Amino acid sequence: QNADKEAALMEHEANQRAKYDSLEEKRKKREEKLRKRELAKCEKEKKVVMEEARLMGEQAYKDNVDENNKFKKDEMDAAGVKAANVAGKKIDDRYKAWIKDRDKAEAERKRILKEEQARMARENEVAFRAKQREEELNGRMAEEDIMEGLIELGKLN
């Protein structure tokens, strides 16, 4: 009977692990999809922002041209590229920070889940041991009752 209960408990735990693994796989796929979507959004935004920054950088260079500082197309292009790279880096940094925050939140979720699982395992272990002790005591009582019954039976004979 004890073996049946233990087997049922093990089967239940295996089902719980399978359910957890399935949910964890779905969560991982959702997160991957979300990250791809966010990256695509950032890349699209980056393209627009870098073009605007390039134009602004070129315009800033043109505004600084005077008699002492002659206009040079390669310097204007370089100023535009530099401004575009700075703007692009800001968007890249923002995306990296977003990823870092997501990873941090996921690590915290897993830490809490692990603590909860450990707590539940301890509680289950305590309950299982208590049930075992109770059954052992009940078994001993039954043995004592049998012995008393045999003694009584011996008195009758």
# chains A, B, ... in the order shown; residues from 1 in each chain; ligands from 1

call {"tool": "residues_around", "arguments": {"residues": "segment 69-83 of chain A", "least_positions_apart": "2", "cutoff": "8 Å", "atoms": "only C-alpha atoms", "output": "PyMOL selection string"}}
result
chain A and resi 50+53-58+61-62+64-67+85-87

call {"tool": "residues_around", "arguments": {"residues": "segment 104-113 of chain A", "least_positions_apart": "3", "cutoff": "12 Å", "atoms": "only C-alpha atoms", "output": "ChimeraX atom specification"}}
result
/A:20,24,27-28,31,97-101,116-120

call {"tool": "closest_atom_pairs", "arguments": {"of": "segment 83-130 of chain A", "to": "segment 4-16 of chain A", "cutoff": "12 Å", "atoms": "only C-alpha atoms", "output": "JSON lines"}}
result
{"residue": "A:Gln117", "atom": "CA", "partner": "A:Gln16", "partner_atom": "CA", "distance": 11.1}
{"residue": "A:Met120", "atom": "CA", "partner": "A:Glu13", "partner_atom": "CA", "distance": 11.5}
{"residue": "A:Ala121", "atom": "CA", "partner": "A:Glu13", "partner_atom": "CA", "distance": 10.1}
{"residue": "A:Asn124", "atom": "CA", "partner": "A:Leu9", "partner_atom": "CA", "distance": 9.9}
{"residue": "A:Glu125", "atom": "CA", "partner": "A:Leu9", "partner_atom": "CA", "distance": 11.1}
{"residue": "A:Phe128", "atom": "CA", "partner": "A:Glu6", "partner_atom": "CA", "distance": 9.0}
{"residue": "A:Arg129", "atom": "CA", "partner": "A:Glu6", "partner_atom": "CA", "distance": 11.4}

call {"tool": "write_last_selection", "arguments": {"atoms": "all heavy atoms", "output": "short mmCIF file (atom, residue, chain, number, x, y, z; two decimals), in the first residue's frame"}}
result
data_model
loop_
_atom_site.label_atom_id
_atom_site.label_comp_id
_atom_site.auth_asym_id
_atom_site.auth_seq_id
_atom_site.Cartn_x
_atom_site.Cartn_y
_atom_site.Cartn_z
N GLN A 117 9.54 25.92 -5.30
CA GLN A 117 9.61 24.47 -5.50
C GLN A 117 10.34 23.80 -4.34
O GLN A 117 9.92 22.73 -3.87
CB GLN A 117 10.32 24.15 -6.82
CG GLN A 117 9.49 24.45 -8.04
CD GLN A 117 10.27 24.27 -9.32
OE1 GLN A 117 11.49 24.38 -9.35
NE2 GLN A 117 9.55 24.02 -10.40
N MET A 120 8.00 23.73 -1.37
CA MET A 120 6.95 22.72 -1.55
C MET A 120 7.53 21.31 -1.39
O MET A 120 6.87 20.44 -0.81
CB MET A 120 6.29 22.88 -2.91
CG MET A 120 5.41 24.12 -3.00
SD MET A 120 4.70 24.37 -4.63
CE MET A 120 3.57 22.99 -4.72
N ALA A 121 8.73 21.10 -1.88
CA ALA A 121 9.36 19.78 -1.74
C ALA A 121 9.60 19.46 -0.26
O ALA A 121 9.35 18.33 0.18
CB ALA A 121 10.67 19.74 -2.51
N ASN A 124 6.24 18.65 1.28
CA ASN A 124 5.80 17.32 0.85
C ASN A 124 6.57 16.23 1.57
O ASN A 124 6.01 15.21 1.96
CB ASN A 124 5.96 17.16 -0.67
CG ASN A 124 4.93 17.94 -1.44
OD1 ASN A 124 3.92 18.36 -0.90
ND2 ASN A 124 5.20 18.15 -2.72
N GLU A 125 7.87 16.44 1.74
CA GLU A 125 8.72 15.47 2.44
C GLU A 125 8.27 15.32 3.90
O GLU A 125 8.13 14.20 4.40
CB GLU A 125 10.19 15.91 2.36
CG GLU A 125 11.15 14.99 3.06
CD GLU A 125 11.37 13.69 2.32
OE1 GLU A 125 11.05 13.61 1.11
OE2 GLU A 125 11.86 12.74 2.95
N PHE A 128 4.96 13.53 3.96
CA PHE A 128 5.14 12.12 3.64
C PHE A 128 5.71 11.36 4.83
O PHE A 128 5.24 10.27 5.17
CB PHE A 128 6.06 11.98 2.41
CG PHE A 128 6.31 10.57 2.00
CD1 PHE A 128 5.33 9.83 1.36
CD2 PHE A 128 7.53 9.96 2.28
CE1 PHE A 128 5.55 8.53 0.98
CE2 PHE A 128 7.76 8.64 1.91
CZ PHE A 128 6.77 7.92 1.26
N ARG A 129 6.73 11.94 5.48
CA ARG A 129 7.35 11.28 6.65
C ARG A 129 6.35 11.16 7.79
O ARG A 129 6.30 10.13 8.48
CB ARG A 129 8.59 12.05 7.12
CG ARG A 129 9.71 12.10 6.12
CD ARG A 129 10.30 10.73 5.90
NE ARG A 129 11.29 10.78 4.84
CZ ARG A 129 11.53 9.81 4.01
NH1 ARG A 129 10.87 8.67 4.12
NH2 ARG A 129 12.42 9.93 3.06
#

call {"tool": "residues_around", "arguments": {"residues": "Glu38 of chain A", "least_positions_apart": "4", "cutoff": "8 Å", "atoms": "only C-alpha atoms", "output": "NGL selection string"}}
result
:A and (34 or 42 or 95)
